[in-house]
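Colleague: entry_13.txt is the file, holding compact mmCIF, C-alpha atoms:
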# COMPACT_ATOMS: atom_id res chain seq x y z
CA MET A 10 104.39 101.18 120.10
CA ASN A 11 102.80 103.16 122.90
CA ASN A 12 99.20 104.32 122.76
CA LEU A 13 98.54 107.94 121.83
CA ARG A 14 95.71 110.13 123.13
CA ILE A 15 94.50 112.60 120.52
CA SER A 16 91.96 115.41 120.93
CA LEU A 17 89.90 116.88 118.10
CA VAL A 18 88.80 120.46 118.75
CA GLN A 19 85.93 121.07 116.34
CA GLY A 20 85.09 124.73 116.85
CA GLU A 21 83.29 127.62 115.17
CA THR A 22 86.19 129.85 114.19
CA LEU A 23 85.53 133.60 114.41
CA TRP A 24 85.96 135.58 111.22
CA HIS A 25 89.15 137.68 111.06
CA ASP A 26 89.53 137.83 114.85
CA PRO A 27 92.88 136.32 115.92
CA ALA A 28 92.70 137.51 119.54
CA GLY A 29 89.10 136.35 119.86
CA ASN A 30 89.96 132.95 118.41
CA ARG A 31 92.90 132.45 120.73
CA GLU A 32 90.59 133.15 123.65
CA TYR A 33 87.83 130.94 122.23
CA TYR A 34 90.01 127.94 121.48
CA GLY A 35 91.92 128.44 124.72
CA GLU A 36 88.70 127.98 126.66
CA LEU A 37 87.79 124.87 124.66
CA ILE A 38 91.08 123.12 125.31
CA ALA A 39 91.63 124.21 128.92
CA PRO A 40 89.97 121.06 130.39
CA LEU A 41 92.34 118.79 128.44
CA HIS A 42 95.27 119.14 130.86
CA GLY A 43 96.56 115.69 131.79
CA THR A 44 94.09 113.86 129.54
CA THR A 45 95.68 114.07 126.09
CA ASP A 46 98.97 113.87 124.21
CA LEU A 47 98.04 115.77 121.06
CA VAL A 48 95.54 118.60 120.45
CA LEU A 49 94.29 119.38 116.94
CA LEU A 50 92.98 122.84 116.03
CA PRO A 51 91.43 123.62 112.61
CA GLU A 52 93.07 125.08 109.53
CA THR A 53 93.54 128.88 109.81
CA PHE A 54 92.05 128.74 113.29
CA THR A 55 92.83 132.40 114.05
CA SER A 56 90.93 133.86 111.08
CA GLY A 57 88.87 131.37 109.12
CA PHE A 58 89.73 130.43 105.55
CA SER A 59 90.09 133.86 103.94
CA ASN A 60 92.32 135.26 101.23
CA ASP A 61 91.87 138.70 102.80
CA ALA A 62 93.38 137.53 106.10
CA ILE A 63 96.75 137.62 104.36
CA ASP A 64 96.96 141.33 105.14
CA ASN A 65 97.16 140.52 108.87
CA ALA A 66 99.44 137.50 108.62
CA GLU A 67 101.72 137.11 111.63
CA THR A 68 105.38 136.20 111.70
CA MET A 69 106.86 133.33 113.66
CA ASP A 70 107.54 135.87 116.42
CA GLY A 71 103.87 136.84 116.53
CA PRO A 72 101.30 136.28 119.28
CA THR A 73 99.82 133.05 117.94
CA VAL A 74 103.06 131.08 118.01
CA GLY A 75 103.63 132.36 121.53
CA TRP A 76 100.08 131.38 122.49
CA MET A 77 100.55 127.87 121.12
CA ARG A 78 103.75 127.48 123.14
CA GLU A 79 101.87 128.56 126.26
CA GLN A 80 99.03 126.12 125.60
CA ALA A 81 101.35 123.20 124.92
CA ALA A 82 103.26 123.83 128.12
CA ARG A 83 100.10 124.25 130.20
CA LEU A 84 98.44 121.14 128.78
CA ASP A 85 101.67 119.10 128.74
CA ALA A 86 100.67 118.04 125.22
CA ALA A 87 101.55 118.88 121.64
CA VAL A 88 99.28 121.45 119.99
CA THR A 89 98.89 121.76 116.23
CA GLY A 90 96.82 123.76 113.74
CA SER A 91 97.42 126.11 110.82
CA VAL A 92 97.67 129.91 110.61
CA GLN A 93 98.69 132.46 108.01
CA VAL A 94 102.40 133.19 108.52
CA ARG A 95 104.50 135.79 106.73
CA ASP A 96 107.99 134.50 106.02
CA GLY A 97 110.09 136.97 104.05
CA GLU A 98 108.09 138.21 101.07
CA ALA A 99 105.69 135.25 101.09
CA VAL A 100 102.71 134.24 103.22
CA TYR A 101 102.09 130.55 103.89
CA ASN A 102 99.17 128.55 105.22
CA ARG A 103 101.47 127.08 107.84
CA MET A 104 100.68 124.16 110.14
CA LEU A 105 102.57 124.47 113.40
CA PHE A 106 103.39 121.50 115.62
CA VAL A 107 104.30 122.82 119.06
CA THR A 108 105.47 120.66 121.98
CA PRO A 109 105.54 121.43 125.72
CA ASP A 110 109.25 122.26 125.69
CA GLY A 111 108.50 125.18 123.35
CA SER A 112 109.91 123.66 120.18
CA VAL A 113 108.03 124.41 116.96
CA GLN A 114 108.05 122.40 113.75
CA GLN A 115 106.27 123.63 110.65
CA TYR A 116 104.63 122.35 107.51
CA ASP A 117 103.54 124.74 104.74
CA LYS A 118 100.46 123.66 102.83
CA ARG A 119 101.63 122.18 99.54
CA HIS A 120 98.36 122.11 97.56
CA LEU A 121 96.69 125.52 97.44
CA PHE A 122 92.95 125.56 96.79
CA ARG A 123 92.69 126.95 93.25
CA TYR A 124 88.87 126.87 93.35
CA ALA A 125 88.97 129.61 96.01
CA HIS A 126 92.01 131.40 94.47
CA GLU A 127 94.24 130.52 97.40
CA HIS A 128 97.11 130.00 94.96
CA GLU A 129 96.95 133.63 93.82
CA ARG A 130 97.85 135.09 97.21
CA TYR A 131 99.61 132.40 99.24
CA ALA A 132 102.88 130.58 98.59
CA ALA A 133 102.97 126.80 98.33
CA GLY A 134 105.11 124.67 100.60
CA ARG A 135 107.82 122.42 99.18
CA GLU A 136 108.62 119.84 101.86
CA ARG A 137 106.57 117.25 103.69
CA LEU A 138 107.15 116.94 107.41
CA THR A 139 107.33 113.96 109.73
CA VAL A 140 107.29 114.62 113.47
CA ASP A 141 108.37 112.17 116.18
CA TRP A 142 106.11 112.48 119.21
CA LYS A 143 105.45 110.06 122.07
CA GLY A 144 106.88 107.14 120.09
CA TRP A 145 104.69 107.90 117.04
CA ARG A 146 105.74 109.24 113.66
CA ILE A 147 103.19 111.86 112.60
CA CYS A 148 102.63 113.50 109.20
CA PRO A 149 100.81 116.87 109.43
CA LEU A 150 98.92 117.99 106.31
CA VAL A 151 96.36 120.67 105.49
CA CYS A 152 92.87 120.43 103.97
CA TYR A 153 93.21 120.27 100.13
CA ASP A 154 96.28 118.03 100.54
CA LEU A 155 93.77 115.28 101.31
CA ARG A 156 92.82 115.05 97.63
CA PHE A 157 96.35 114.16 96.49
CA PRO A 158 97.26 110.58 97.45
CA VAL A 159 100.75 110.65 95.95
CA TYR A 160 101.84 113.41 98.32
CA SER A 161 100.30 111.59 101.28
CA ARG A 162 101.85 108.27 100.31
CA ASN A 163 103.33 106.36 103.25
CA ARG A 164 106.66 105.05 101.97
CA PHE A 165 109.51 103.11 103.51
CA ASP A 166 111.89 105.48 105.23
CA VAL A 167 115.33 105.14 103.64
CA GLU A 168 116.96 106.05 106.96
CA ARG A 169 114.99 103.42 108.89
CA PRO A 170 114.76 100.35 106.63
CA GLY A 171 111.65 98.32 107.24
CA ASP A 172 109.69 101.24 108.68
CA LEU A 173 107.00 103.30 107.02
CA ASP A 174 107.29 107.09 106.99
CA TYR A 175 104.55 107.63 109.53
CA ASP A 176 101.97 106.03 111.81
CA LEU A 177 99.43 108.85 111.94
CA ALA A 178 98.39 111.38 109.29
CA LEU A 179 96.74 114.63 110.40
CA TYR A 180 94.51 116.74 108.18
CA VAL A 181 93.31 120.08 109.58
CA ALA A 182 90.71 121.77 107.44
CA ASN A 183 88.07 124.32 106.54
CA TRP A 184 86.16 121.82 104.38
CA PRO A 185 82.71 123.10 103.27
CA ALA A 186 79.59 121.08 104.00
CA ALA A 187 78.81 121.00 100.27
CA ARG A 188 81.74 118.60 99.82
CA ALA A 189 81.31 116.58 103.02
CA TYR A 190 81.03 113.23 101.24
CA PRO A 191 84.47 113.49 99.58
CA TRP A 192 85.95 114.54 102.94
CA LYS A 193 84.58 111.47 104.70
CA THR A 194 85.52 109.15 101.85
CA LEU A 195 89.07 110.40 101.35
CA LEU A 196 89.91 110.21 105.05
CA ARG A 197 89.08 106.51 104.91
CA ALA A 198 91.00 106.00 101.70
CA ARG A 199 94.16 107.64 103.08
CA ALA A 200 94.01 105.43 106.19
CA ILE A 201 93.48 102.17 104.30
CA GLU A 202 96.06 102.71 101.58
CA ASN A 203 98.73 103.99 103.98
CA LEU A 204 98.23 101.40 106.75
CA CYS A 205 97.95 104.12 109.35
CA TYR A 206 95.59 106.04 111.59
CA VAL A 207 94.17 109.25 110.13
CA ALA A 208 92.74 112.18 112.07
CA GLY A 209 90.74 114.79 110.16
CA LEU A 210 89.79 117.97 112.04
CA ASN A 211 87.31 120.36 110.42
CA ARG A 212 85.48 123.43 111.69
CA VAL A 213 81.75 124.10 112.07
CA GLY A 214 79.55 127.15 111.56
CA THR A 215 79.25 129.68 108.74
CA ASP A 216 82.15 131.95 107.82
CA GLY A 217 82.29 135.55 106.65
CA ASN A 218 81.89 134.46 103.03
CA GLY A 219 78.63 132.68 103.85
CA ILE A 220 80.16 129.20 103.51
CA HIS A 221 78.83 126.57 105.90
CA TYR A 222 80.99 123.87 107.49
CA SER A 223 79.43 120.72 108.91
CA GLY A 224 82.37 119.49 110.95
CA ASP A 225 82.46 115.75 110.26
CA SER A 226 85.79 115.53 112.04
CA ALA A 227 86.92 111.95 112.54
CA VAL A 228 89.62 109.56 113.60
CA ILE A 229 89.89 106.60 111.23
CA ASP A 230 91.82 103.42 111.90
CA PHE A 231 94.09 101.51 109.51
CA LEU A 232 91.15 99.40 108.24
CA GLY A 233 89.06 102.46 107.43
CA HIS A 234 86.80 102.08 110.46
CA PRO A 235 85.87 105.19 112.45
CA VAL A 236 87.30 105.41 115.93
CA THR A 237 85.21 108.54 116.38
CA GLU A 238 82.99 110.65 114.13
CA CYS A 239 81.72 114.13 114.94
CA THR A 240 78.49 115.74 113.77
CA ASP A 241 77.65 119.37 112.97
CA GLU A 242 78.30 120.96 116.35
CA GLU A 243 81.03 122.42 118.51
CA VAL A 244 82.73 119.52 120.26
CA VAL A 245 86.01 118.46 121.82
CA VAL A 246 86.58 114.72 121.76
CA THR A 247 89.57 112.64 122.85
CA ASN A 248 90.38 109.12 121.66
CA THR A 249 93.22 106.70 122.31
CA LEU A 250 95.05 105.28 119.29
CA LEU A 251 96.29 101.74 119.90
CA GLY A 252 99.90 101.34 118.86
CA SER A 253 99.97 97.58 119.35
CA GLU A 254 96.93 97.11 117.10
CA LEU A 255 98.53 99.17 114.34
CA ALA A 256 101.79 97.21 114.57
CA ARG A 257 99.90 93.92 114.55
CA HIS A 258 97.94 94.90 111.45
CA ARG A 259 101.08 95.89 109.55
CA GLN A 260 102.72 92.59 110.47
CA LYS A 261 99.69 90.53 109.51
CA PHE A 262 98.90 92.48 106.31
CA PRO A 263 102.22 93.91 105.05
CA ALA A 264 100.90 95.55 101.87
CA MET A 265 103.73 98.08 102.05
CA LEU A 266 106.14 95.35 100.94
CA ASP A 267 104.41 95.32 97.57
CA GLY A 268 104.31 99.08 97.11
CA ASP A 269 106.06 101.05 94.38
CA ALA A 270 109.28 102.86 95.25
CA PHE A 271 109.40 106.54 94.32
CA ARG A 272 110.42 109.94 95.64
CA ILE A 273 108.33 113.10 95.97
CA SER A 274 110.04 116.16 94.55
What's the structure tokens form of this structure?
Modeller:
Amino acid sequence: MNNLRISLVQGETLWHDPAGNREYYGELIAPLHGTTDLVLLPETFTSGFSNDAIDNAETMDGPTVGWMREQAARLDAAVTGSVQVRDGEAVYNRMLFVTPDGSVQQYDKRHLFRYAHEHERYAAGRERLTVDWKGWRICPLVCYDLRFPVYSRNRFDVERPGDLDYDLALYVANWPAARAYPWKTLLRARAIENLCYVAGLNRVGTDGNGIHYSGDSAVIDFLGHPVTECTDEEVVVTNTLLGSELARHRQKFPAMLDGDAFRIS
């Protein structure tokens, strides 16, 4: 496997200001040209985590998808993050994975945050996504999905016998500071149990509902060790994931061979 450079963009998302957030995050990622392969933006990075933002949800032809295409092309890197997207009669918390050639793949958040009534206004996704990028298989997921290990389970791919579903799991989030310990703990658990790298990207600051976010974004390796850990501040950090080390660990400690076979419906 090749190495993969991944950039965490831990920003202070503006409340209900899509244009302002595109400008803000555009300035943060501008210096990354030529230095990264994959850029992570937070969950609902154009609005903050708000049920009321549903009223201004964009379509796939809207300005944010176009902006992400522009950024990916300019940076020569994949760009991913989630936004509210209206698709037919439903609105999804949709994670978009955009590559420099303009292609867009999408994952709709499966587990909606009942505690904040997300399930009452947004539609739940039905299918998990695996993206092939730079020789890595990547599984993009959103915030509350982190609490559900069955859905995140790294299984053998029936179309590629002997291979696991993915090498890197991504979790973009608006995860409140009040629950920072579970965030940190579950990122490590998902990495260890799935024999993969995990990148968790959270926001900082206080949103329009008065909820504070302490960041705590991190890249965790397959043993549960932090490659990088962020504190409670705006920061952009890039790390290199070592493909050969991951492959060596899976060969030396092939726990996946003893896993239980099942399908997610």
Colleague: Which polymer residues have any atom within 10 Å of an atom of A:Asp96, counting all atoms listed in the file, with same-chain residues fewer than 5 positions away left out, as a PyMOL selection string?
Modeller: chain A and resi 66-69+101+132
Colleague: Could you tell me which of A:Phe165, A:Glu238, A:Ile201, A:Val244 comes closest to A:Ala270 if we count all atoms listed in the file?
Modeller: A:Phe165
Colleague: My list of candidates is A:Val245, A:Leu84, A:Leu266, A:Leu23. Which is closest to A:Gly214 when distances are computed with all atoms listed in the file?
Modeller: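 Closest candidate: A:Leu23.
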Colleague: Neighbouring residues of A:Ala99 were defined as those with any atom within 12 Å, considering all atoms listed in the file; residues of the same chain fewer than 6 positions away were excluded. Please report them as number ranges by chain.
Modeller: A: 63-64, 66-68, 93, 117, 128-134
Colleague: Rank A:Val92, A:Ala198, A:Ala187, A:Ala227 by their smallest atom-to-atom distance to A:Val18, using all atoms listed in the file, and report the top residue only.
Modeller: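 Answer, going by the shortest atom-to-atom distance: A:Ala227.
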Colleague: Could you check the closest approach to A:Ser56 for each of A:Val94, A:Val236, A:Val151, A:Leu121 and tell me which residue wins, using all atoms listed in the file?
Modeller: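 With all atoms listed in the file as the atom set, the closest residue is A:Val94.
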Colleague: Using the structure block above, produce a file of stretch 37-61 of chain A that contains N, CA and C atoms, as a CSV table (one decimal), in the first residue's frame.
Modeller:
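Generated file (part36.csv):
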chain,number,residue,atom,x,y,z
A,37,LEU,N,-8.8,28.4,5.2
A,37,LEU,CA,-8.1,27.5,6.0
A,37,LEU,C,-7.3,26.5,5.2
A,38,ILE,N,-8.0,26.0,4.1
A,38,ILE,CA,-7.4,24.9,3.4
A,38,ILE,C,-6.5,25.4,2.2
A,39,ALA,N,-6.5,26.6,1.9
A,39,ALA,CA,-5.8,27.2,0.7
A,39,ALA,C,-4.3,26.8,0.8
A,40,PRO,N,-3.6,26.8,1.9
A,40,PRO,CA,-2.2,26.5,2.0
A,40,PRO,C,-1.9,25.0,1.7
A,41,LEU,N,-2.9,24.1,1.6
A,41,LEU,CA,-2.7,22.7,1.6
A,41,LEU,C,-2.3,22.2,0.2
A,42,HIS,N,-2.4,23.1,-0.8
A,42,HIS,CA,-2.1,22.6,-2.2
A,42,HIS,C,-0.7,21.9,-2.3
A,43,GLY,N,-0.7,20.7,-2.8
A,43,GLY,CA,0.5,20.0,-3.0
A,43,GLY,C,1.1,19.3,-1.8
A,44,THR,N,0.4,19.4,-0.6
A,44,THR,CA,0.9,18.8,0.6
A,44,THR,C,0.0,17.8,1.2
A,45,THR,N,-1.1,17.5,0.5
A,45,THR,CA,-2.1,16.5,1.1
A,45,THR,C,-2.8,15.7,0.0
A,46,ASP,N,-3.4,14.6,0.4
A,46,ASP,CA,-4.2,13.8,-0.5
A,46,ASP,C,-5.6,13.8,-0.2
A,47,LEU,N,-6.0,14.1,1.1
A,47,LEU,CA,-7.3,14.1,1.6
A,47,LEU,C,-7.6,15.1,2.6
A,48,VAL,N,-8.6,16.0,2.4
A,48,VAL,CA,-8.9,17.1,3.3
A,48,VAL,C,-10.3,16.8,4.0
A,49,LEU,N,-10.3,16.8,5.3
A,49,LEU,CA,-11.5,16.5,6.1
A,49,LEU,C,-12.1,17.9,6.6
A,50,LEU,N,-13.4,18.1,6.3
A,50,LEU,CA,-14.1,19.2,6.9
A,50,LEU,C,-15.1,18.7,7.9
A,51,PRO,N,-15.6,19.5,8.8
A,51,PRO,CA,-16.5,18.9,9.8
A,51,PRO,C,-17.9,18.5,9.3
A,52,GLU,N,-18.7,17.9,10.1
A,52,GLU,CA,-20.1,17.6,9.9
A,52,GLU,C,-20.8,19.0,9.7
A,53,THR,N,-21.7,19.0,8.8
A,53,THR,CA,-22.6,20.2,8.5
A,53,THR,C,-21.7,21.5,8.6
A,54,PHE,N,-20.7,21.5,7.8
A,54,PHE,CA,-19.7,22.6,7.9
A,54,PHE,C,-20.2,23.9,7.3
A,55,THR,N,-21.3,23.9,6.6
A,55,THR,CA,-21.8,25.1,6.1
A,55,THR,C,-22.8,25.8,7.0
A,56,SER,N,-23.2,25.2,8.1
A,56,SER,CA,-24.3,25.7,8.9
A,56,SER,C,-24.1,25.5,10.4
A,57,GLY,N,-23.3,24.5,10.8
A,57,GLY,CA,-23.4,24.0,12.2
A,57,GLY,C,-24.5,23.0,12.3
A,58,PHE,N,-24.5,22.3,13.4
A,58,PHE,CA,-25.5,21.2,13.6
A,58,PHE,C,-26.8,21.8,14.1
A,59,SER,N,-27.7,22.0,13.2
A,59,SER,CA,-29.0,22.7,13.5
A,59,SER,C,-30.1,22.0,12.7
A,60,ASN,N,-31.2,21.7,13.5
A,60,ASN,CA,-32.4,21.2,12.8
A,60,ASN,C,-33.0,22.3,12.0
A,61,ASP,N,-32.9,23.5,12.4
A,61,ASP,CA,-33.5,24.6,11.6
A,61,ASP,C,-32.8,24.9,10.3
